[in-house]
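*Asks:* What follows is structure_38.cif, mmCIF, C-alpha atoms.
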data_data
loop_
_atom_site.label_atom_id
_atom_site.label_comp_id
_atom_site.auth_asym_id
_atom_site.auth_seq_id
_atom_site.Cartn_x
_atom_site.Cartn_y
_atom_site.Cartn_z
CA MET L 1051 0.00 0.00 0.00
CA THR L 1052 1.40 3.37 -0.98
CA ALA L 1053 1.53 6.45 1.23
CA ALA L 1054 -1.15 8.06 -0.95
CA ASP L 1055 -3.47 5.09 -0.31
CA ARG L 1056 -2.91 5.38 3.44
CA TRP L 1057 -3.57 9.12 3.41
CA SER L 1058 -6.66 8.76 1.19
CA ARG L 1059 -8.13 6.40 3.78
CA GLY L 1060 -7.34 8.83 6.59
CA GLU L 1061 -4.68 6.61 8.11
CA PRO L 1062 -1.73 8.41 9.67
CA GLY L 1063 1.64 7.72 8.26
CA PRO L 1064 5.20 8.78 8.92
CA GLY L 1065 6.22 12.17 7.61
CA PRO L 1066 4.28 14.72 5.60
CA PRO L 1067 1.47 13.82 3.18
CA PRO L 1068 2.68 12.17 -0.05
CA TRP L 1069 1.81 15.20 -2.15
CA GLY L 1070 4.26 17.35 -0.20
CA SER L 1071 1.82 19.82 1.35
CA THR L 1072 2.82 21.11 4.77
CA ALA L 1073 0.48 24.14 4.78
CA GLY L 1074 -1.39 22.92 7.85
CA PRO L 1075 -3.96 20.28 8.73
CA ALA L 1076 -6.94 21.91 6.97
CA ALA L 1077 -5.10 22.40 3.69
CA GLY L 1078 -3.78 18.86 3.82
CA THR L 1079 -7.23 17.44 4.51
CA ILE L 1080 -8.87 19.27 1.63
CA HIS L 1081 -6.03 18.40 -0.68
CA ARG L 1082 -6.05 14.79 0.50
CA VAL L 1083 -9.80 14.37 -0.13
CA THR L 1084 -9.82 15.82 -3.61
CA SER L 1085 -6.45 15.30 -5.20
CA THR L 1086 -5.54 11.63 -4.99
CA PRO L 1087 -6.92 9.17 -7.51
CA ALA L 1088 -8.02 6.82 -4.74
CA ALA L 1089 -9.96 9.60 -3.01
CA ALA L 1090 -11.60 10.64 -6.26
CA GLN L 1091 -12.64 7.04 -6.90
CA HIS L 1092 -13.97 6.79 -3.34
CA LEU L 1093 -16.13 9.89 -3.87
CA ARG L 1094 -17.45 8.49 -7.17
CA ASP L 1095 -18.29 5.20 -5.41
CA LEU L 1096 -20.14 7.07 -2.65
CA ALA L 1097 -22.20 8.93 -5.25
CA ARG L 1098 -23.07 5.61 -6.90
CA LEU L 1099 -24.03 4.10 -3.55
CA ARG L 1100 -26.31 7.06 -2.83
CA ARG L 1101 -27.99 6.49 -6.20
CA VAL L 1102 -28.52 2.83 -5.30
CA ARG L 1103 -29.93 3.73 -1.88
CA ASP L 1104 -32.22 6.35 -3.43
CA ARG L 1105 -33.42 3.86 -6.03
CA ILE L 1106 -34.22 1.32 -3.31
CA ASP L 1107 -36.11 3.97 -1.36
CA ARG L 1108 -38.07 4.96 -4.47
CA GLU L 1109 -38.70 1.55 -6.04
CA TYR L 1110 -38.91 -0.76 -3.01
CA ALA L 1111 -42.17 -2.29 -4.31
CA GLN L 1112 -40.58 -3.27 -7.64
CA PRO L 1113 -38.78 -6.57 -8.13
CA LEU L 1114 -35.24 -5.40 -7.34
CA ASP L 1115 -32.20 -7.60 -6.90
CA VAL L 1116 -28.57 -6.80 -6.23
CA GLU L 1117 -27.52 -7.66 -9.79
CA ALA L 1118 -30.02 -5.17 -11.27
CA LEU L 1119 -28.98 -2.49 -8.80
CA ALA L 1120 -25.31 -3.11 -9.62
CA ARG L 1121 -25.93 -2.92 -13.36
CA GLY L 1122 -27.61 0.46 -12.84
CA VAL L 1123 -24.41 1.93 -11.39
CA HIS L 1124 -21.93 -0.05 -13.50
CA MET L 1125 -20.51 -2.17 -10.67
CA SER L 1126 -20.34 -5.87 -10.10
CA ALA L 1127 -22.87 -7.27 -7.62
CA GLY L 1128 -20.12 -8.35 -5.23
CA HIS L 1129 -18.38 -4.97 -5.31
CA LEU L 1130 -21.69 -3.16 -4.78
CA SER L 1131 -22.55 -5.37 -1.81
CA ARG L 1132 -19.15 -4.85 -0.18
CA ARG L 1133 -19.08 -1.08 -0.72
CA PHE L 1134 -22.73 -0.63 0.32
CA ARG L 1135 -22.11 -2.56 3.54
CA LEU L 1136 -19.05 -0.43 4.32
CA ALA L 1137 -20.97 2.80 3.69
CA TYR L 1138 -24.34 1.97 5.28
CA GLY L 1139 -23.69 -0.91 7.66
CA GLU L 1140 -25.80 -3.49 5.85
CA PRO L 1141 -25.85 -5.03 2.37
CA PRO L 1142 -28.26 -3.69 -0.28
CA TYR L 1143 -30.69 -6.60 0.01
CA ALA L 1144 -31.02 -6.16 3.78
CA TYR L 1145 -31.57 -2.42 3.26
CA LEU L 1146 -34.27 -3.19 0.67
CA MET L 1147 -36.02 -5.61 3.00
CA THR L 1148 -35.87 -3.08 5.85
CA ARG L 1149 -37.56 -0.48 3.62
CA ARG L 1150 -40.21 -3.00 2.61
CA ILE L 1151 -40.89 -3.95 6.21
CA GLU L 1152 -41.12 -0.29 7.24
CA ARG L 1153 -43.71 0.31 4.53
CA ALA L 1154 -45.53 -2.89 5.51
CA MET L 1155 -45.70 -1.65 9.09
CA THR L 1156 -47.39 1.54 7.90
CA LEU L 1157 -49.91 -0.40 5.81
CA LEU L 1158 -50.63 -2.83 8.64
CA ARG L 1159 -51.20 0.05 11.07
CA ARG L 1160 -53.89 1.40 8.74
CA GLY L 1161 -55.70 -1.92 9.15
CA ASP L 1162 -57.59 -1.94 5.84
CA LEU L 1163 -55.42 -4.55 4.07
CA SER L 1164 -54.79 -8.18 4.89
CA VAL L 1165 -51.26 -9.42 5.59
CA THR L 1166 -51.12 -11.09 2.15
CA GLU L 1167 -52.22 -7.89 0.40
CA VAL L 1168 -49.58 -5.93 2.30
CA CYS L 1169 -46.97 -8.53 1.38
CA PHE L 1170 -47.60 -8.06 -2.34
CA ALA L 1171 -48.05 -4.27 -2.04
CA VAL L 1172 -44.51 -3.83 -0.68
CA GLY L 1173 -42.88 -5.98 -3.37
CA CYS L 1174 -42.49 -9.33 -1.63
CA SER L 1175 -43.48 -12.33 -3.71
CA SER L 1176 -43.82 -14.91 -0.94
CA PRO L 1177 -46.07 -14.40 2.10
CA GLY L 1178 -44.01 -16.95 4.04
CA THR L 1179 -40.72 -15.18 3.42
CA PHE L 1180 -42.37 -11.83 4.13
CA SER L 1181 -43.73 -13.09 7.44
CA THR L 1182 -40.36 -14.54 8.44
CA ARG L 1183 -38.45 -11.33 7.64
CA PHE L 1184 -41.12 -9.20 9.29
CA THR L 1185 -40.89 -11.28 12.46
CA GLU L 1186 -37.06 -11.07 12.43
CA LEU L 1187 -37.06 -7.28 12.14
CA VAL L 1188 -40.10 -6.33 14.21
CA GLY L 1189 -40.20 -9.15 16.76
CA VAL L 1190 -43.80 -10.22 16.18
CA PRO L 1191 -45.61 -11.78 13.19
CA PRO L 1192 -47.39 -9.34 10.84
CA SER L 1193 -50.87 -10.46 11.91
CA THR L 1194 -50.07 -9.85 15.57
CA TYR L 1195 -48.47 -6.50 14.72
CA ARG L 1196 -51.58 -5.49 12.78
CA GLN L 1197 -53.82 -6.19 15.78
CA ARG L 1198 -51.57 -4.48 18.32
CA ALA L 1199 -50.59 -1.48 16.20
CA ALA L 1200 -54.15 -0.44 15.46
CA ARG L 1201 -54.79 -0.08 19.19
CA ALA L 1202 -51.37 1.29 20.17
CA THR L 1203 -51.18 4.11 17.60
CA ALA L 1204 -54.80 5.26 17.76
CA GLY L 1205 -54.85 9.05 17.99
CA ILE L 1206 -51.13 9.49 17.28
CA PRO L 1207 -50.14 11.44 14.14
CA SER L 1208 -48.76 9.11 11.46
CA CYS L 1209 -45.38 10.88 11.34
CA VAL L 1210 -44.87 10.22 15.06
CA ALA L 1211 -46.20 6.65 14.84
CA ARG L 1212 -43.76 5.89 12.01
CA GLN L 1213 -40.78 7.12 14.04
CA VAL L 1214 -41.81 5.33 17.23
CA THR L 1215 -42.55 2.01 15.53
CA ARG L 1216 -39.51 1.94 13.23
CA PRO L 1217 -38.05 -1.60 13.08
CA VAL L 1218 -34.83 -2.32 14.93
CA ARG L 1219 -32.67 -5.18 13.75
CA ASN L 1220 -32.08 -7.87 16.35
CA ARG L 1221 -28.35 -7.19 16.40
CA GLU L 1222 -29.06 -3.52 17.12
CA ALA L 1223 -31.70 -4.08 19.78
CA ARG L 1224 -30.53 -3.51 23.32
CA THR L 1225 -30.69 -6.47 25.63
CA ALA L 1226 -31.96 -6.08 29.15
CA GLU L 1227 -29.21 -5.77 31.71
CA PRO L 1228 -29.36 -8.50 34.36
CA SER L 1229 -30.46 -7.22 37.72
CA LEU L 1230 -27.97 -7.71 40.52
CA ALA L 1231 -30.40 -6.83 43.30
#
Written as structure tokens, that's how I'd like the structure from this file.

*Replies:*
Amino acid sequence: MTAADRWSRGEPGPGPPPWGSTAGPAAGTIHRVTSTPAAAQHLRDLARLRRVRDRIDREYAQPLDVEALARGVHMSAGHLSRRFRLAYGEPPYAYLMTRRIERAMTLLRRGDLSVTEVCFAVGCSSPGTFSTRFTELVGVPPSTYRQRAARATAGIPSCVARQVTRPVRNREARTAEPSLA
């Protein structure tokens, strides 16, 4: 790995930056972010990843897969998955499913659609898979959520209900601390 690669990743290295700037930390940072080929490529990749994320947010109900998303930004599926996970903490498919489940939660709270109708409305093709993923992310099956949510969010504005009932992945959920008393 060259000194320019280390500096483009923000890693400290011995001596001054590889481009020879010693004008101070701010000048070096700006120069480091914009002037190295690796940094420029990193910024282009981030722009592509934002386009993928925006497309998922917009077209979550469409049949999307990682290969199609990767083709849209001229990356391989593997490269897109790795870069997306580094940037956003989860792979594109998991992000897509989280968006679908969030939308499903909103539709289930309304209470006018069945679980199967909600499943197809958010872009899932299998009610069984939808129910499994919903249960993993939310903690209860969709039918149970539908019954509970209608009562729990009655009278609460939808913007507040959406924020309060946002799904939390199991690995992100806090576990109860054991009581020592």

*Asks:* One number please: CA of Ile1151 (chain L) to CA of Ala1171 (chain L), in Å, one decimal.

*Replies:* 10.9 Å

*Asks:* Identify which of the residues L:Val1210, L:Leu1099, L:Ala1090, L:Ala1199 lies closest to Gly1161 (chain L), counting only C-alpha atoms when measuring atom-to-atom distances.

*Replies:* L:Ala1199

*Asks:* Counting all atoms listed in the file, I want the residues whose atoms come within 12 Å of (-19.7, -1.7, -8.0) in the file frame, returned as an mmCIF file with C-alpha atoms, keeping the file's coordinate frame.

*Replies:*
data_model
loop_
_atom_site.group_PDB
_atom_site.id
_atom_site.type_symbol
_atom_site.label_atom_id
_atom_site.label_comp_id
_atom_site.auth_asym_id
_atom_site.auth_seq_id
_atom_site.Cartn_x
_atom_site.Cartn_y
_atom_site.Cartn_z
ATOM 1 C CA GLN L 1091 -12.640 7.040 -6.900
ATOM 2 C CA HIS L 1092 -13.970 6.790 -3.340
ATOM 3 C CA ARG L 1094 -17.450 8.490 -7.170
ATOM 4 C CA ASP L 1095 -18.290 5.200 -5.410
ATOM 5 C CA LEU L 1096 -20.140 7.070 -2.650
ATOM 6 C CA ALA L 1097 -22.200 8.930 -5.250
ATOM 7 C CA ARG L 1098 -23.070 5.610 -6.900
ATOM 8 C CA LEU L 1099 -24.030 4.100 -3.550
ATOM 9 C CA ARG L 1101 -27.990 6.490 -6.200
ATOM 10 C CA VAL L 1102 -28.520 2.830 -5.300
ATOM 11 C CA VAL L 1116 -28.570 -6.800 -6.230
ATOM 12 C CA GLU L 1117 -27.520 -7.660 -9.790
ATOM 13 C CA ALA L 1118 -30.020 -5.170 -11.270
ATOM 14 C CA LEU L 1119 -28.980 -2.490 -8.800
ATOM 15 C CA ALA L 1120 -25.310 -3.110 -9.620
ATOM 16 C CA ARG L 1121 -25.930 -2.920 -13.360
ATOM 17 C CA GLY L 1122 -27.610 0.460 -12.840
ATOM 18 C CA VAL L 1123 -24.410 1.930 -11.390
ATOM 19 C CA HIS L 1124 -21.930 -0.050 -13.500
ATOM 20 C CA MET L 1125 -20.510 -2.170 -10.670
ATOM 21 C CA SER L 1126 -20.340 -5.870 -10.100
ATOM 22 C CA ALA L 1127 -22.870 -7.270 -7.620
ATOM 23 C CA GLY L 1128 -20.120 -8.350 -5.230
ATOM 24 C CA HIS L 1129 -18.380 -4.970 -5.310
ATOM 25 C CA LEU L 1130 -21.690 -3.160 -4.780
ATOM 26 C CA SER L 1131 -22.550 -5.370 -1.810
ATOM 27 C CA ARG L 1132 -19.150 -4.850 -0.180
ATOM 28 C CA ARG L 1133 -19.080 -1.080 -0.720
ATOM 29 C CA PHE L 1134 -22.730 -0.630 0.320
ATOM 30 C CA ARG L 1135 -22.110 -2.560 3.540
ATOM 31 C CA PRO L 1142 -28.260 -3.690 -0.280
#

*Asks:* How would you write as a short mmCIF file (atom, residue, chain, number, x, y, z; two decimals) with C-alpha atoms, in the frame of the given file the residues that get within 9 Å of (-40.1, -5.1, -5.7) in the file's frame, counting all atoms listed in the file?

*Replies:*
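The file below, out.cif, is the result:
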data_model
loop_
_atom_site.label_atom_id
_atom_site.label_comp_id
_atom_site.auth_asym_id
_atom_site.auth_seq_id
_atom_site.Cartn_x
_atom_site.Cartn_y
_atom_site.Cartn_z
CA GLU L 1109 -38.70 1.55 -6.04
CA TYR L 1110 -38.91 -0.76 -3.01
CA ALA L 1111 -42.17 -2.29 -4.31
CA GLN L 1112 -40.58 -3.27 -7.64
CA PRO L 1113 -38.78 -6.57 -8.13
CA LEU L 1114 -35.24 -5.40 -7.34
CA ASP L 1115 -32.20 -7.60 -6.90
CA LEU L 1146 -34.27 -3.19 0.67
CA ARG L 1150 -40.21 -3.00 2.61
CA PHE L 1170 -47.60 -8.06 -2.34
CA ALA L 1171 -48.05 -4.27 -2.04
CA VAL L 1172 -44.51 -3.83 -0.68
CA GLY L 1173 -42.88 -5.98 -3.37
CA CYS L 1174 -42.49 -9.33 -1.63
CA SER L 1175 -43.48 -12.33 -3.71
#

*Asks:* Could you state the separation of CA of Ser1176 (chain L) and CA of Met1147 (chain L) in Å, given to one decimal place?

*Replies:* 12.8 Å

*Asks:* Which neighbours of Pro1192 (chain L) fall inside 7 Å, counting only C-alpha atoms, when residues of the same chain fewer than 3 positions from it are skipped, and could you give them as a VMD selection string?

*Replies:* chain L and resid 1165 1181 1184 to 1185 1195 to 1196

*Asks:* For the atom pair CA of Glu1186 (chain L) and CA of Gly1205 (chain L), what is the interatomic distance in Å to one decimal place?

*Replies:*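 Taking CA of Glu1186 (chain L) as the start and CA of Gly1205 (chain L) as the end point, the length is 27.4 Å.
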
*Asks:* Add whatever atoms are absent from region 1106-1140 of chain L to reach N, CA and C atoms, and provide the output as a tab-separated table (two decimals), keeping the file's coordinate frame.

*Replies:*
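out-v2.tsv was written with the following content:
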chain	number	residue	atom	x	y	z
L	1106	ILE	N	-33.53	2.26	-4.20
L	1106	ILE	CA	-34.22	1.32	-3.31
L	1106	ILE	C	-35.35	2.03	-2.58
L	1107	ASP	N	-35.09	3.22	-2.07
L	1107	ASP	CA	-36.11	3.97	-1.36
L	1107	ASP	C	-37.30	4.29	-2.26
L	1108	ARG	N	-37.03	4.59	-3.51
L	1108	ARG	CA	-38.07	4.96	-4.47
L	1108	ARG	C	-38.83	3.76	-5.01
L	1109	GLU	N	-38.12	2.68	-5.31
L	1109	GLU	CA	-38.70	1.55	-6.04
L	1109	GLU	C	-38.76	0.28	-5.21
L	1110	TYR	N	-38.93	0.40	-3.89
L	1110	TYR	CA	-38.91	-0.76	-3.01
L	1110	TYR	C	-39.97	-1.79	-3.39
L	1111	ALA	N	-41.09	-1.36	-3.98
L	1111	ALA	CA	-42.17	-2.29	-4.31
L	1111	ALA	C	-41.93	-3.02	-5.63
L	1112	GLN	N	-40.91	-2.62	-6.37
L	1112	GLN	CA	-40.58	-3.27	-7.64
L	1112	GLN	C	-39.69	-4.48	-7.38
L	1113	PRO	N	-39.68	-5.41	-8.31
L	1113	PRO	CA	-38.78	-6.57	-8.13
L	1113	PRO	C	-37.32	-6.17	-8.35
L	1114	LEU	N	-36.64	-5.81	-7.28
L	1114	LEU	CA	-35.24	-5.40	-7.34
L	1114	LEU	C	-34.36	-6.53	-6.82
L	1115	ASP	N	-33.21	-6.69	-7.43
L	1115	ASP	CA	-32.20	-7.60	-6.90
L	1115	ASP	C	-30.85	-6.91	-7.00
L	1116	VAL	N	-29.88	-7.44	-6.31
L	1116	VAL	CA	-28.57	-6.80	-6.23
L	1116	VAL	C	-27.93	-6.70	-7.61
L	1117	GLU	N	-28.11	-7.70	-8.46
L	1117	GLU	CA	-27.52	-7.66	-9.79
L	1117	GLU	C	-28.08	-6.49	-10.61
L	1118	ALA	N	-29.40	-6.28	-10.53
L	1118	ALA	CA	-30.02	-5.17	-11.27
L	1118	ALA	C	-29.55	-3.83	-10.72
L	1119	LEU	N	-29.47	-3.73	-9.40
L	1119	LEU	CA	-28.98	-2.49	-8.80
L	1119	LEU	C	-27.54	-2.22	-9.21
L	1120	ALA	N	-26.71	-3.26	-9.24
L	1120	ALA	CA	-25.31	-3.11	-9.62
L	1120	ALA	C	-25.17	-2.70	-11.08
L	1121	ARG	N	-25.97	-3.31	-11.94
L	1121	ARG	CA	-25.93	-2.92	-13.36
L	1121	ARG	C	-26.27	-1.45	-13.53
L	1122	GLY	N	-27.19	-0.94	-12.73
L	1122	GLY	CA	-27.61	0.46	-12.84
L	1122	GLY	C	-26.51	1.45	-12.51
L	1123	VAL	N	-25.52	1.04	-11.75
L	1123	VAL	CA	-24.41	1.93	-11.39
L	1123	VAL	C	-23.07	1.42	-11.92
L	1124	HIS	N	-23.12	0.47	-12.83
L	1124	HIS	CA	-21.93	-0.05	-13.50
L	1124	HIS	C	-20.90	-0.62	-12.54
L	1125	MET	N	-21.38	-1.46	-11.61
L	1125	MET	CA	-20.51	-2.17	-10.67
L	1125	MET	C	-20.87	-3.64	-10.73
L	1126	SER	N	-19.99	-4.47	-10.25
L	1126	SER	CA	-20.34	-5.87	-10.10
L	1126	SER	C	-21.19	-6.01	-8.84
L	1127	ALA	N	-21.99	-7.06	-8.78
L	1127	ALA	CA	-22.87	-7.27	-7.62
L	1127	ALA	C	-22.05	-7.43	-6.34
L	1128	GLY	N	-20.95	-8.14	-6.41
L	1128	GLY	CA	-20.12	-8.35	-5.23
L	1128	GLY	C	-19.50	-7.05	-4.74
L	1129	HIS	N	-18.99	-6.25	-5.68
L	1129	HIS	CA	-18.38	-4.97	-5.31
L	1129	HIS	C	-19.43	-4.04	-4.70
L	1130	LEU	N	-20.62	-4.00	-5.32
L	1130	LEU	CA	-21.69	-3.16	-4.78
L	1130	LEU	C	-22.04	-3.59	-3.36
L	1131	SER	N	-22.19	-4.88	-3.14
L	1131	SER	CA	-22.55	-5.37	-1.81
L	1131	SER	C	-21.49	-4.99	-0.77
L	1132	ARG	N	-20.22	-5.18	-1.12
L	1132	ARG	CA	-19.15	-4.85	-0.18
L	1132	ARG	C	-19.11	-3.36	0.13
L	1133	ARG	N	-19.16	-2.53	-0.91
L	1133	ARG	CA	-19.08	-1.08	-0.72
L	1133	ARG	C	-20.32	-0.54	0.01
L	1134	PHE	N	-21.49	-1.07	-0.32
L	1134	PHE	CA	-22.73	-0.63	0.32
L	1134	PHE	C	-22.69	-0.97	1.81
L	1135	ARG	N	-22.21	-2.16	2.14
L	1135	ARG	CA	-22.11	-2.56	3.54
L	1135	ARG	C	-21.13	-1.66	4.29
L	1136	LEU	N	-20.01	-1.33	3.67
L	1136	LEU	CA	-19.05	-0.43	4.32
L	1136	LEU	C	-19.65	0.95	4.56
L	1137	ALA	N	-20.42	1.44	3.59
L	1137	ALA	CA	-20.97	2.80	3.69
L	1137	ALA	C	-22.18	2.88	4.62
L	1138	TYR	N	-23.06	1.87	4.57
L	1138	TYR	CA	-24.34	1.97	5.28
L	1138	TYR	C	-24.54	0.93	6.37
L	1139	GLY	N	-23.59	0.04	6.55
L	1139	GLY	CA	-23.69	-0.91	7.66
L	1139	GLY	C	-24.47	-2.17	7.38
L	1140	GLU	N	-25.07	-2.29	6.22
L	1140	GLU	CA	-25.80	-3.49	5.85
L	1140	GLU	C	-25.76	-3.63	4.33
